[in-house]
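> Structure supplied as final31.cif; contents: mmCIF, C-alpha atoms.
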```
data_target
#
loop_
_atom_site.label_atom_id
_atom_site.label_comp_id
_atom_site.auth_asym_id
_atom_site.auth_seq_id
_atom_site.Cartn_x
_atom_site.Cartn_y
_atom_site.Cartn_z
CA MET A 1 3.95 -52.53 6.39
CA SER A 2 6.53 -49.85 5.61
CA GLY A 3 6.50 -46.87 3.22
CA PRO A 4 4.59 -46.63 -0.05
CA ILE A 5 5.48 -48.95 -2.91
CA LEU A 6 3.12 -47.04 -5.22
CA GLU A 7 2.51 -43.29 -5.22
CA VAL A 8 -0.31 -41.79 -7.30
CA ARG A 9 -0.07 -38.01 -7.53
CA ASP A 10 -2.73 -35.71 -9.02
CA VAL A 11 -3.29 -38.03 -11.99
CA ARG A 12 -5.42 -36.75 -14.85
CA LYS A 13 -6.83 -38.41 -17.96
CA ARG A 14 -9.26 -37.03 -20.52
CA PHE A 15 -11.13 -38.74 -23.34
CA GLY A 16 -12.37 -35.88 -25.48
CA GLY A 17 -14.62 -33.80 -23.26
CA LEU A 18 -14.76 -36.42 -20.50
CA GLU A 19 -12.35 -36.10 -17.58
CA ALA A 20 -12.02 -39.73 -16.50
CA LEU A 21 -9.43 -38.94 -13.82
CA ALA A 22 -9.63 -35.56 -12.11
CA GLY A 23 -6.55 -35.50 -9.92
CA PRO A 24 -6.79 -38.33 -7.37
CA SER A 25 -3.73 -38.87 -5.15
CA PHE A 26 -3.02 -41.73 -2.77
CA ASP A 27 -0.29 -44.12 -1.61
CA VAL A 28 -0.24 -47.91 -1.55
CA PRO A 29 1.90 -49.03 1.43
CA GLU A 30 4.36 -51.82 0.81
CA GLY A 31 2.98 -55.17 1.95
CA ALA A 32 -0.65 -53.98 2.11
CA ILE A 33 -3.84 -55.06 0.37
CA VAL A 34 -5.56 -51.86 -0.78
CA GLY A 35 -9.04 -51.75 -2.28
CA LEU A 36 -10.05 -49.27 -4.98
CA ILE A 37 -13.82 -48.86 -5.17
CA GLY A 38 -16.38 -46.53 -6.67
CA PRO A 39 -19.55 -46.53 -8.78
CA ASN A 40 -19.44 -47.57 -12.43
CA GLY A 41 -17.64 -44.94 -14.48
CA SER A 42 -15.70 -43.54 -11.54
CA GLY A 43 -12.32 -44.10 -13.21
CA LYS A 44 -11.04 -47.24 -11.51
CA SER A 45 -10.03 -49.27 -14.57
CA THR A 46 -8.74 -46.13 -16.29
CA LEU A 47 -6.49 -45.55 -13.30
CA PHE A 48 -5.20 -49.14 -13.56
CA ASP A 49 -4.50 -48.53 -17.26
CA CYS A 50 -2.56 -45.36 -16.45
CA ILE A 51 -0.54 -47.04 -13.70
CA THR A 52 0.45 -49.91 -15.99
CA GLY A 53 1.14 -47.81 -19.08
CA THR A 54 -1.70 -48.93 -21.36
CA GLN A 55 -3.04 -45.36 -21.19
CA ARG A 56 -0.91 -42.20 -21.10
CA LEU A 57 -1.58 -39.67 -18.36
CA ASP A 58 -2.53 -36.12 -19.30
CA GLY A 59 -1.19 -34.82 -15.99
CA GLY A 60 0.27 -35.88 -12.66
CA GLU A 61 2.58 -38.82 -12.12
CA VAL A 62 2.84 -42.37 -10.83
CA ARG A 63 5.88 -43.57 -8.88
CA PHE A 64 6.72 -47.20 -8.17
CA ALA A 65 9.40 -48.15 -5.64
CA GLY A 66 10.47 -44.51 -5.55
CA ARG A 67 10.90 -44.11 -9.32
CA ARG A 68 8.60 -42.43 -11.82
CA ILE A 69 6.94 -44.98 -14.12
CA SER A 70 4.32 -42.79 -15.83
CA GLY A 71 5.36 -42.50 -19.46
CA LEU A 72 6.99 -45.94 -19.62
CA ALA A 73 5.71 -48.69 -21.91
CA PRO A 74 3.62 -51.50 -20.35
CA TYR A 75 6.39 -54.09 -20.79
CA GLN A 76 8.88 -51.80 -19.04
CA ILE A 77 6.53 -51.35 -16.08
CA ALA A 78 5.86 -55.10 -15.93
CA ARG A 79 9.57 -55.88 -15.86
CA ARG A 80 10.07 -53.46 -12.99
CA GLY A 81 7.73 -55.60 -10.90
CA VAL A 82 4.11 -54.63 -11.59
CA GLY A 83 1.63 -57.34 -12.63
CA ARG A 84 -2.06 -56.92 -13.42
CA THR A 85 -5.26 -58.62 -14.48
CA PHE A 86 -7.97 -57.06 -16.63
CA GLN A 87 -11.69 -56.57 -16.01
CA LEU A 88 -12.38 -58.36 -19.30
CA GLY A 89 -10.07 -61.34 -19.62
CA ARG A 90 -7.34 -61.13 -22.25
CA LEU A 91 -6.38 -64.77 -22.51
CA PHE A 92 -5.15 -66.28 -25.77
CA GLY A 93 -7.99 -68.68 -26.56
CA ARG A 94 -6.05 -70.75 -29.08
CA LEU A 95 -3.16 -71.31 -26.70
CA SER A 96 -3.10 -73.82 -23.85
CA VAL A 97 -3.00 -72.86 -20.19
CA LEU A 98 0.75 -73.48 -20.15
CA GLU A 99 1.30 -71.54 -23.38
CA ASN A 100 -0.66 -68.57 -22.05
CA LEU A 101 1.79 -68.33 -19.18
CA LEU A 102 4.87 -68.80 -21.33
CA ALA A 103 3.64 -66.03 -23.64
CA VAL A 104 4.28 -63.49 -20.86
CA ARG A 105 7.49 -64.99 -19.51
CA GLY A 106 9.54 -61.84 -20.17
CA PRO A 107 13.24 -62.43 -19.46
CA LEU A 108 12.64 -65.95 -18.13
CA GLU A 109 13.96 -68.59 -20.52
CA GLY A 110 13.62 -72.28 -21.18
CA ARG A 111 13.34 -74.50 -18.14
CA ARG A 112 13.14 -71.56 -15.74
CA ALA A 113 10.04 -70.24 -17.51
CA GLU A 114 8.40 -73.66 -17.65
CA ALA A 115 9.18 -74.34 -14.00
CA ARG A 116 7.62 -71.01 -12.99
CA ALA A 117 4.54 -71.72 -15.12
CA HIS A 118 4.02 -75.20 -13.65
CA GLU A 119 4.51 -73.82 -10.13
CA LEU A 120 1.70 -71.30 -10.68
CA ILE A 121 -0.59 -73.83 -12.36
CA GLU A 122 -0.22 -76.10 -9.36
CA LEU A 123 -0.78 -73.20 -6.96
CA VAL A 124 -4.34 -72.65 -8.19
CA GLY A 125 -5.23 -76.25 -8.98
CA LEU A 126 -5.21 -76.09 -12.78
CA THR A 127 -2.80 -78.99 -13.28
CA ARG A 128 -5.50 -81.15 -14.88
CA VAL A 129 -6.01 -78.57 -17.65
CA THR A 130 -2.36 -77.61 -18.18
CA HIS A 131 -2.54 -78.46 -21.89
CA GLU A 132 -6.20 -77.48 -22.45
CA LEU A 133 -6.92 -74.54 -24.76
CA ALA A 134 -7.87 -71.42 -22.85
CA ALA A 135 -11.00 -71.13 -25.00
CA ASN A 136 -12.28 -74.40 -23.51
CA LEU A 137 -11.88 -73.40 -19.85
CA SER A 138 -14.78 -72.72 -17.54
CA TYR A 139 -15.35 -69.16 -16.38
CA GLY A 140 -13.77 -69.92 -13.00
CA GLN A 141 -10.74 -71.59 -14.57
CA SER A 142 -10.28 -68.59 -16.86
CA LYS A 143 -10.32 -66.28 -13.84
CA LEU A 144 -7.63 -68.35 -12.17
CA LEU A 145 -5.48 -68.42 -15.31
CA GLU A 146 -5.78 -64.64 -15.65
CA PHE A 147 -4.72 -64.35 -12.00
CA ILE A 148 -1.61 -66.52 -12.27
CA ARG A 149 -0.59 -64.97 -15.58
CA ALA A 150 -0.23 -61.68 -13.67
CA LEU A 151 2.20 -63.50 -11.35
CA MET A 152 4.41 -65.00 -14.06
CA LEU A 153 7.16 -62.37 -13.72
CA ASP A 154 7.16 -62.65 -9.91
CA PRO A 155 5.86 -59.09 -9.37
CA ILE A 156 6.33 -56.91 -6.31
CA LEU A 157 2.95 -55.22 -6.86
CA VAL A 158 -0.15 -56.86 -8.35
CA LEU A 159 -3.20 -54.94 -9.63
CA LEU A 160 -6.35 -57.08 -9.70
CA ASP A 161 -9.31 -55.76 -11.70
CA GLU A 162 -12.53 -57.35 -10.39
CA PRO A 163 -11.10 -60.79 -9.53
CA ALA A 164 -14.33 -61.82 -7.75
CA ALA A 165 -16.78 -60.79 -10.49
CA GLY A 166 -19.17 -63.59 -11.37
CA VAL A 167 -17.45 -66.34 -9.39
CA ASN A 168 -19.24 -68.77 -7.08
CA PRO A 169 -18.77 -68.62 -3.28
CA THR A 170 -16.35 -71.55 -3.21
CA LEU A 171 -14.04 -70.01 -5.78
CA LEU A 172 -14.40 -66.61 -4.12
CA GLU A 173 -13.07 -68.11 -0.89
CA ARG A 174 -10.13 -69.59 -2.77
CA ILE A 175 -9.33 -66.26 -4.42
CA VAL A 176 -9.34 -64.56 -1.01
CA GLY A 177 -6.86 -67.17 0.17
CA TYR A 178 -4.61 -66.66 -2.86
CA VAL A 179 -4.58 -62.88 -2.40
CA ARG A 180 -3.75 -63.20 1.29
CA GLY A 181 -1.04 -65.67 0.32
CA LEU A 182 0.51 -63.05 -1.94
CA ARG A 183 0.56 -60.56 0.92
CA ASP A 184 2.14 -63.17 3.20
CA ARG A 185 4.95 -63.55 0.64
CA GLY A 186 5.58 -59.81 0.64
CA VAL A 187 3.63 -58.91 -2.50
CA THR A 188 1.57 -55.71 -2.37
CA VAL A 189 -1.95 -55.86 -3.86
CA LEU A 190 -4.19 -53.12 -5.27
CA VAL A 191 -7.64 -54.50 -6.09
CA VAL A 192 -10.71 -53.10 -7.84
CA GLU A 193 -13.92 -54.90 -6.91
CA HIS A 194 -17.66 -54.20 -6.65
CA ASN A 195 -18.20 -57.00 -4.12
CA MET A 196 -18.17 -54.98 -0.90
CA GLY A 197 -17.97 -58.04 1.32
CA PHE A 198 -14.83 -59.13 -0.53
CA ILE A 199 -13.23 -55.68 -0.23
CA MET A 200 -14.17 -54.96 3.38
CA GLY A 201 -13.11 -58.39 4.59
CA LEU A 202 -9.82 -58.47 2.73
CA CYS A 203 -8.30 -55.00 2.53
CA ASP A 204 -6.16 -53.05 5.00
CA GLN A 205 -7.11 -49.75 3.39
CA VAL A 206 -9.75 -48.60 0.88
CA VAL A 207 -9.65 -45.72 -1.61
CA VAL A 208 -12.94 -44.47 -3.07
CA LEU A 209 -13.28 -42.75 -6.46
CA ASP A 210 -16.30 -40.92 -7.84
CA HIS A 211 -16.37 -39.05 -11.17
CA GLY A 212 -12.59 -39.42 -11.37
CA GLU A 213 -11.94 -37.82 -7.97
CA LYS A 214 -10.88 -39.39 -4.70
CA ILE A 215 -13.72 -38.82 -2.24
CA ALA A 216 -12.58 -40.97 0.68
CA GLU A 217 -9.67 -43.05 1.94
CA GLY A 218 -9.14 -45.09 5.08
CA PRO A 219 -9.59 -48.44 6.80
CA PRO A 220 -12.67 -50.47 5.81
CA GLN A 221 -14.70 -49.64 8.93
CA GLU A 222 -14.34 -45.90 8.30
CA ILE A 223 -15.28 -46.29 4.64
CA ARG A 224 -18.44 -48.24 5.55
CA GLU A 225 -19.63 -45.32 7.64
CA ASP A 226 -18.48 -42.43 5.41
CA GLU A 227 -21.47 -40.40 4.26
CA ARG A 228 -19.71 -39.38 1.03
CA VAL A 229 -19.32 -43.03 0.07
CA ILE A 230 -22.93 -43.84 0.94
CA GLU A 231 -24.08 -40.88 -1.16
CA ALA A 232 -21.90 -41.93 -4.12
CA TYR A 233 -23.31 -45.44 -4.15
CA PHE A 234 -26.90 -44.96 -3.07
CA GLY A 235 -27.76 -41.27 -3.39
CA ARG A 236 -28.28 -41.18 -7.15
#
```
Show how you would write the structure in this file as structure tokens.


Amino acid sequence: MSGPILEVRDVRKRFGGLEALAGPSFDVPEGAIVGLIGPNGSGKSTLFDCITGTQRLDGGEVRFAGRRISGLAPYQIARRGVGRTFQLGRLFGRLSVLENLLAVRGPLEGRRAEARAHELIELVGLTRVTHELAANLSYGQSKLLEFIRALMLDPILVLLDEPAAGVNPTLLERIVGYVRGLRDRGVTVLVVEHNMGFIMGLCDQVVVLDHGEKIAEGPPQEIREDERVIEAYFGR
């Protein structure tokens, strides 16, 4: 791992009288898998939205690969090399698996786009349902399609929002393997997840949010033993 690929600096977001993000700052080192955890309502998904441009910051900034990206449109951020999944899947139900991937192909054209799509479909074992409508997929297949759609533009950084939620142990093990495979290919990963076993066994570093603030940051073993984290999760 080298320097930070993502820099989050004093980011702030309000929704009316609610301060969803109250100034957290942290770095995501290049080539790392970093976990972002916290109780429900702590601001994790809002932070993902602000990083990827689907929500505008009210203060602070986000820098990617040394350049400010806060204020850019989502498609501009995606084309710079940031991919993401969503907590609630956003697949196009009336499109096939292949068509869902081609819908986010960006600057890729024709055979290059199709080749990339088929490569990803094969990667996660969805070849049998290549031409099946997304609406007809099982929950696990939908999770895998959401995952590979985030990879369609060959991102440098991938943000995964609860990739393990609701999946069975066999699929969970596969997802762990896919995420580690990304890291092995030089892709940096920032992941939100409530499954503590998944986070602690996978991540190099963990950032903890509570009420929109960063309350802890460090390697998994330190986070397990941090009294502030224990209080945030169990002291209410």

> Would you kindly return, as a list in words, each protein, DNA or RNA residue with an atom no farther than 8 Å from any atom of Ser25 in chain A, considering all atoms listed in the file and excluding same-chain residues fewer than 3 positions away?

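That gives Glu7, Val8, Arg9, Asp10, Val11 and Lys214 of chain A.
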
> I would like the residues chosen by the PyMOL selection byres ((chain A and resi 182) around 12) on the shown file; could you give them as a ChimeraX atom specification?

/A:31-33,123,147-148,150-151,154-160,175-181,183-190

> Taking the file as I've supplied it (selection: the PyMOL selection byres ((chain A and resi 218) around 7)), which residues are included? Please answer as an MDAnalysis selection string.

chainID A and resid 205:207 216:217 219:220 222:223

> Find the residues around range 135-142 of chain A up to 7 Å (all atoms listed in the file counted), leave out those fewer than 2 positions away in its own chain, and share them as a PDB file with C-alpha atoms, in the coordinates of the input.


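Generated output (around_35.pdb):
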```
ATOM      1  CA  GLY A  93      -7.990 -68.680 -26.560  1.00  0.00           C
ATOM      2  CA  ARG A  94      -6.050 -70.750 -29.080  1.00  0.00           C
ATOM      3  CA  GLU A 132      -6.200 -77.480 -22.450  1.00  0.00           C
ATOM      4  CA  LEU A 133      -6.920 -74.540 -24.760  1.00  0.00           C
ATOM      5  CA  LEU A 144      -7.630 -68.350 -12.170  1.00  0.00           C
ATOM      6  CA  LEU A 145      -5.480 -68.420 -15.310  1.00  0.00           C
ATOM      7  CA  GLU A 146      -5.780 -64.640 -15.650  1.00  0.00           C
ATOM      8  CA  VAL A 167     -17.450 -66.340  -9.390  1.00  0.00           C
TER       9      VAL A 167
END
```

> Could you state the separation of CA of Gly83 in chain A and CA of Val191 in chain A in Å, given to one decimal place?

11.7 Å

> Could you please determine the separation between CA of Leu36 in chain A and CA of Ile215 in chain A in Å, to one decimal place?

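Separation between CA of Leu36 in chain A and CA of Ile215 in chain A: 11.4 Å.
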
> Using all atoms listed in the file, determine which residues lie at most 9 Å from Cys50 in chain A, disregarding the query and same-chain residues fewer than 5 positions distant; provide the list as an MDAnalysis selection string.

chainID A and resid 11 13 45 55:57 62 70:71

> Keeping only C-alpha atoms, take the residues you just selected and write them out as a compact mmCIF listing (two decimals), keeping the file's coordinate frame.


```
# COMPACT_ATOMS: atom_id res chain seq x y z
CA VAL A 11 -3.29 -38.03 -11.99
CA LYS A 13 -6.83 -38.41 -17.96
CA SER A 45 -10.03 -49.27 -14.57
CA GLN A 55 -3.04 -45.36 -21.19
CA ARG A 56 -0.91 -42.20 -21.10
CA LEU A 57 -1.58 -39.67 -18.36
CA VAL A 62 2.84 -42.37 -10.83
CA SER A 70 4.32 -42.79 -15.83
CA GLY A 71 5.36 -42.50 -19.46
```

> Is there a way to complete range 218-229 of chain A with all heavy atoms and then write that out as a CSV table (one decimal), in the frame of the given file?


```csv
chain,number,residue,atom,x,y,z
A,218,GLY,N,-9.3,-44.7,3.7
A,218,GLY,CA,-9.1,-45.1,5.1
A,218,GLY,C,-9.4,-46.6,5.3
A,218,GLY,O,-9.6,-47.3,4.3
A,219,PRO,N,-9.3,-47.0,6.5
A,219,PRO,CA,-9.6,-48.4,6.8
A,219,PRO,C,-11.0,-48.8,6.5
A,219,PRO,O,-11.9,-47.9,6.5
A,219,PRO,CB,-9.3,-48.6,8.3
A,219,PRO,CG,-9.4,-47.2,8.8
A,219,PRO,CD,-9.0,-46.3,7.7
A,220,PRO,N,-11.3,-50.1,6.2
A,220,PRO,CA,-12.7,-50.5,5.8
A,220,PRO,C,-13.8,-50.0,6.7
A,220,PRO,O,-14.8,-49.6,6.2
A,220,PRO,CB,-12.6,-52.0,5.8
A,220,PRO,CG,-11.1,-52.3,5.5
A,220,PRO,CD,-10.4,-51.2,6.2
A,221,GLN,N,-13.6,-50.0,8.0
A,221,GLN,CA,-14.7,-49.6,8.9
A,221,GLN,C,-15.1,-48.2,8.7
A,221,GLN,O,-16.2,-47.8,8.7
A,221,GLN,CB,-14.3,-49.9,10.4
A,221,GLN,CG,-15.4,-49.6,11.4
A,221,GLN,CD,-16.7,-50.5,11.1
A,221,GLN,OE1,-16.6,-51.6,10.8
A,221,GLN,NE2,-17.8,-49.8,11.2
A,222,GLU,N,-14.1,-47.3,8.5
A,222,GLU,CA,-14.3,-45.9,8.3
A,222,GLU,C,-15.1,-45.7,7.0
A,222,GLU,O,-16.0,-44.9,6.9
A,222,GLU,CB,-13.0,-45.1,8.3
A,222,GLU,CG,-12.4,-44.9,9.7
A,222,GLU,CD,-11.2,-44.0,9.6
A,222,GLU,OE1,-11.0,-43.4,8.5
A,222,GLU,OE2,-10.4,-44.0,10.6
A,223,ILE,N,-14.7,-46.4,6.0
A,223,ILE,CA,-15.3,-46.3,4.6
A,223,ILE,C,-16.7,-46.7,4.7
A,223,ILE,O,-17.6,-46.1,4.1
A,223,ILE,CB,-14.5,-47.1,3.6
A,223,ILE,CG1,-13.1,-46.5,3.5
A,223,ILE,CG2,-15.2,-47.1,2.3
A,223,ILE,CD1,-13.0,-45.1,3.0
A,224,ARG,N,-17.0,-47.8,5.4
A,224,ARG,CA,-18.4,-48.2,5.6
A,224,ARG,C,-19.3,-47.1,6.1
A,224,ARG,O,-20.5,-47.1,5.7
A,224,ARG,CB,-18.5,-49.4,6.5
A,224,ARG,CG,-18.1,-50.8,6.0
A,224,ARG,CD,-18.5,-51.9,6.9
A,224,ARG,NE,-17.9,-53.1,6.6
A,224,ARG,CZ,-16.9,-53.6,7.2
A,224,ARG,NH1,-16.3,-53.0,8.2
A,224,ARG,NH2,-16.4,-54.8,6.9
A,225,GLU,N,-18.8,-46.3,7.0
A,225,GLU,CA,-19.6,-45.3,7.6
A,225,GLU,C,-19.5,-43.9,7.0
A,225,GLU,O,-20.1,-43.0,7.5
A,225,GLU,CB,-19.2,-45.3,9.1
A,225,GLU,CG,-19.4,-46.6,9.8
A,225,GLU,CD,-18.8,-46.7,11.2
A,225,GLU,OE1,-18.1,-45.7,11.6
A,225,GLU,OE2,-18.9,-47.7,11.9
A,226,ASP,N,-18.7,-43.8,6.0
A,226,ASP,CA,-18.5,-42.4,5.4
A,226,ASP,C,-19.7,-42.0,4.6
A,226,ASP,O,-20.1,-42.7,3.6
A,226,ASP,CB,-17.2,-42.5,4.5
A,226,ASP,CG,-16.7,-41.1,4.2
A,226,ASP,OD1,-17.5,-40.3,3.6
A,226,ASP,OD2,-15.5,-40.8,4.4
A,227,GLU,N,-20.3,-40.9,4.9
A,227,GLU,CA,-21.5,-40.4,4.3
A,227,GLU,C,-21.2,-40.1,2.8
A,227,GLU,O,-22.1,-40.2,2.0
A,227,GLU,CB,-22.0,-39.2,5.0
A,227,GLU,CG,-22.6,-39.5,6.4
A,227,GLU,CD,-23.2,-38.2,7.0
A,227,GLU,OE1,-23.2,-37.2,6.4
A,227,GLU,OE2,-23.7,-38.4,8.2
A,228,ARG,N,-20.0,-39.7,2.4
A,228,ARG,CA,-19.7,-39.4,1.0
A,228,ARG,C,-19.8,-40.7,0.2
A,228,ARG,O,-20.2,-40.6,-1.0
A,228,ARG,CB,-18.3,-38.7,0.9
A,228,ARG,CG,-18.2,-37.4,1.6
A,228,ARG,CD,-16.8,-37.0,1.7
A,228,ARG,NE,-16.0,-37.9,2.6
A,228,ARG,CZ,-14.7,-37.8,2.8
A,228,ARG,NH1,-14.0,-36.8,2.2
A,228,ARG,NH2,-14.1,-38.7,3.6
A,229,VAL,N,-19.3,-41.8,0.8
A,229,VAL,CA,-19.3,-43.0,0.1
A,229,VAL,C,-20.8,-43.5,-0.1
A,229,VAL,O,-21.2,-44.0,-1.1
A,229,VAL,CB,-18.5,-44.1,0.8
A,229,VAL,CG1,-18.5,-45.4,0.1
A,229,VAL,CG2,-17.0,-43.6,0.9
```
